[in-house]
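Asks: The structure follows.
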Amino acid sequence: MNKKEIFVNAAFKENSIWRQILGICSALAVTNLMLNSLIMGLGVIFVLALANFTISIIRNWTPRSVRMMVQTLIIASYVIIVDVFLKANMPEISKQLGPYVGLIITNCILMGRAEAFASQNGPLDSMIDGIGAGLGYTIVLLAISFIRELFGFGTIFGLQVLGSWWTNWSIMVMAPSAFFLLAIFIWIINTHYYKAKA
Amino acid sequence: MKDSFLFPIVFMLIMVIIFAGILSVMYRMSEPKIEAYQVETYQKRILSTVAKKIAEAEGSSVDDVMSQYPDTFTKHVRQIDNPQFERSAFRAVVGDSTVAYCFEIGGKGLWGTMQALISTDTEFRTILDFTIVNQMETPGLGARIEEDWFLAQFRDRLFVVNPESNEDVTMKYEFIAETQSPENEAQLRRVTGATITSDSVIKMLRDEINYIYNFVRKNSL
């Protein structure tokens, strides 16, 4: 696969959320506000790209018996770097994201891409795969949070879009709506893309 | 070599040393910036809770008081050092007279502890201002207790309504939906989807005000 194919594959054709159903815990948790989703997405893109790159560089020396420990160590280190960077330079956003930055470590997409791609391919390809997978994840987060924030608060990125006539749908702010929307999203993609293609 | 007994241990050890080293260096480099920001934010928050009273006593405006930080903080805010009182407390002074008090209070939220600042009048009965310093609630849900509309409900609110009581001196409040309008003084709007967090805020305020009021009734700060 060339670089473009790797990127498109990771971001869309084999999208971690709608195709592999990975990383949905955070997709459900942070998607009530678009800003939270964007920052979470950027954090995941950063960690995925650099973790994939690092894991790929050392793949030929990594013993099989400790490879998952090494991958976790690398992923956790990059997550802590993001956390410290946000605390030092973007404290308001860091505060808003609360515990979710730390929870990037537990995002299944990171271990999934490390095992499935980075441990078997070159550093540059792995980095591109990481950026693609992270972008695909971010797009889904933003799509869900767009609907939740718009109907739940009447805002987009915190800016009031719907007027005072609009009654906020409380359900959209609460966790169950993320389940419904994610399921509908996956259903639409599968029906209109994968099944149509098949 | 990769399959030997020792190699994985040595390899893991080297990786841990490298990454722990990188993180230590990065944290050390960022630490002064993080701490400076935390101190500044904390002091500004204390000042903002008592700024209205300082401005009234000085004949200036809240914006003037806040814009002249850190000078106004140094000039008007004194930390109360009383080993018997188990909370951080501050006195806002203008000239020789105390115009307000500020206390750091804490309580349990849904996911962890919450820290907040409240300022009271000199009789310790009315909450002048209330702000959340630290909380671990769900972003977008419980964390919305930091939004201004929620905090504003507690501003200039008489909290101690039974000053002679030996048990609970505070007023009983009930929460109504976020979209409703309060019909009386005892109603407060809760954050949608965060009932436990909203209840926790009220519990924290009542517990802490009981502690403060009962303390100052028997002792001096």
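Convention: chains lettered A, B, ... in structure tokens order; per-chain residue numbering from 1; ligands numbered from 1 as shown.
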Which residues come within 7 Å of Gly41 of chain A, counting only C-alpha atoms, excluding same-chain residues fewer than 3 positions away, as a PyMOL selection string?
Replies: chain A and resi 37-38+44-45+134+137-138
Asks: Could the residues of chain B within 9 Å of chain A, counting only C-alpha atoms, be given as a ChimeraX atom specification, please?
Replies: /B:2-3,7-9,11-12,15-16,19-20,22-23,26-27,30-35,37,134-141,143,179,192-194
Asks: Can I get the selected residues back with N, CA and C atoms, as a compact mmCIF listing (two decimals), in the first residue's frame?
Replies:
```txt
# COMPACT_ATOMS: atom_id res chain seq x y z
N LYS B 2 16.79 -12.32 21.36
CA LYS B 2 15.50 -11.79 21.80
C LYS B 2 14.71 -12.77 22.66
N ASP B 3 14.99 -14.08 22.44
CA ASP B 3 14.23 -15.10 23.17
C ASP B 3 14.92 -15.54 24.45
N PHE B 7 17.13 -10.97 28.18
CA PHE B 7 16.97 -9.85 27.24
C PHE B 7 15.66 -9.07 27.45
N PRO B 8 14.52 -9.75 27.57
CA PRO B 8 13.28 -8.96 27.77
C PRO B 8 13.32 -8.09 29.02
N ILE B 9 13.96 -8.61 30.09
CA ILE B 9 14.03 -7.84 31.34
C ILE B 9 14.89 -6.59 31.13
N PHE B 11 15.68 -5.18 28.30
CA PHE B 11 15.04 -4.31 27.32
C PHE B 11 13.96 -3.44 27.97
N MET B 12 13.12 -4.09 28.79
CA MET B 12 12.03 -3.37 29.48
C MET B 12 12.61 -2.31 30.42
N MET B 15 13.83 0.65 28.46
CA MET B 15 12.69 1.45 27.98
C MET B 15 12.09 2.30 29.11
N VAL B 16 11.96 1.68 30.29
CA VAL B 16 11.40 2.41 31.43
C VAL B 16 12.30 3.59 31.80
N PHE B 19 11.95 6.41 29.04
CA PHE B 19 10.68 7.16 29.06
C PHE B 19 10.46 7.89 30.39
N ALA B 20 10.86 7.25 31.49
CA ALA B 20 10.73 7.93 32.79
C ALA B 20 11.63 9.18 32.79
N ILE B 22 12.54 10.99 30.11
CA ILE B 22 11.92 12.01 29.25
C ILE B 22 10.79 12.73 30.00
N LEU B 23 9.95 11.93 30.67
CA LEU B 23 8.81 12.51 31.39
C LEU B 23 9.28 13.39 32.55
N MET B 26 10.57 16.65 31.16
CA MET B 26 9.46 17.48 30.68
C MET B 26 8.65 18.06 31.84
N TYR B 27 8.41 17.23 32.85
CA TYR B 27 7.63 17.71 33.99
C TYR B 27 8.37 18.81 34.74
N SER B 30 8.10 22.01 32.93
CA SER B 30 6.77 22.62 32.93
C SER B 30 6.29 23.00 34.32
N GLU B 31 6.89 22.43 35.35
CA GLU B 31 6.42 22.59 36.73
C GLU B 31 6.28 24.06 37.18
N PRO B 32 7.32 24.90 36.96
CA PRO B 32 7.18 26.30 37.40
C PRO B 32 5.99 27.00 36.74
N LYS B 33 5.78 26.71 35.44
CA LYS B 33 4.68 27.31 34.70
C LYS B 33 3.33 26.85 35.26
N ILE B 34 3.23 25.55 35.55
CA ILE B 34 1.98 25.00 36.08
C ILE B 34 1.70 25.59 37.46
N GLU B 35 2.73 25.62 38.31
CA GLU B 35 2.55 26.13 39.68
C GLU B 35 2.21 27.62 39.69
N TYR B 37 0.76 29.31 37.36
CA TYR B 37 -0.61 29.46 36.89
C TYR B 37 -1.61 29.12 38.00
N ASN B 134 -11.86 23.28 42.20
CA ASN B 134 -11.41 22.00 41.66
C ASN B 134 -12.53 20.98 41.76
N GLN B 135 -12.76 20.26 40.68
CA GLN B 135 -13.77 19.19 40.73
C GLN B 135 -13.39 18.12 39.72
N MET B 136 -13.92 16.93 39.96
CA MET B 136 -13.59 15.82 39.06
C MET B 136 -14.86 15.25 38.44
N GLU B 137 -15.84 16.11 38.23
CA GLU B 137 -17.12 15.64 37.71
C GLU B 137 -17.06 15.44 36.18
N THR B 138 -18.09 14.81 35.65
CA THR B 138 -18.11 14.46 34.22
C THR B 138 -18.10 15.72 33.35
N PRO B 139 -17.10 15.86 32.46
CA PRO B 139 -17.09 17.03 31.59
C PRO B 139 -18.38 17.10 30.76
N GLY B 140 -18.95 18.30 30.70
CA GLY B 140 -20.18 18.47 29.92
C GLY B 140 -21.44 18.16 30.72
N LEU B 141 -21.30 17.46 31.83
CA LEU B 141 -22.48 17.15 32.67
C LEU B 141 -22.25 17.77 34.05
N ALA B 143 -19.58 18.67 35.46
CA ALA B 143 -18.60 19.76 35.44
C ALA B 143 -19.24 21.10 35.14
N THR B 179 -34.41 24.06 33.28
CA THR B 179 -35.20 24.92 32.39
C THR B 179 -36.31 25.68 33.12
N THR B 192 -28.77 19.83 34.33
CA THR B 192 -29.42 18.69 33.66
C THR B 192 -28.45 17.52 33.54
N GLY B 193 -28.91 16.36 33.92
CA GLY B 193 -28.08 15.15 33.79
C GLY B 193 -27.04 15.02 34.87
N ALA B 194 -27.11 15.87 35.88
CA ALA B 194 -26.10 15.82 36.95
C ALA B 194 -26.77 16.03 38.31
```
Asks: Separation of atom CA of Ser119 of chain B and atom CA of Ile93 of chain A, in Å?
Replies: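 Taking atom CA of Ser119 of chain B as the start and atom CA of Ile93 of chain A as the end point, the length is 26.4 Å.
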Asks: Tell me, as JSON, numbers by chain, which residues lie within 9 Å of Ile24 of chain A, counting only C-alpha atoms; anything in the same chain fewer than 5 positions away does not count.
Replies: {"A": [16, 17, 29, 107, 108, 182]}
Asks: Between B:Glu183, B:Asp129, B:Asp168, B:Asp63, single out the one closest to Ala152 of chain B, counting only C-alpha atoms.
Replies: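 Closest to Ala152 of chain B, using only C-alpha atoms: B:Asp129.
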Asks: Which polymer residues have any atom within 10 Å of an atom of segment 80-92 of chain B, counting only C-alpha atoms, with same-chain residues fewer than 4 positions away left out, as a VMD selection string?
Replies: chain B and resid 46 to 47 49 to 51 53 to 54 73 75 to 76 97 to 106 117 to 120 122 208 211 to 212 215 to 216 219 to 221
Asks: Could you pull out the residues in chain B that DSSP calls strand (DSSP E) from the backbone, as a PyMOL selection string?
Replies: chain B and resi 77-80+89-94+97-108+113-120+126-134+157-158+174-176+187-189
Asks: Could you give me the residues within segment 14-87 of chain A that DSSP places in helix (DSSP H, G or I), as a ChimeraX atom specification?
Replies: /A:24-29,34-57,64-87
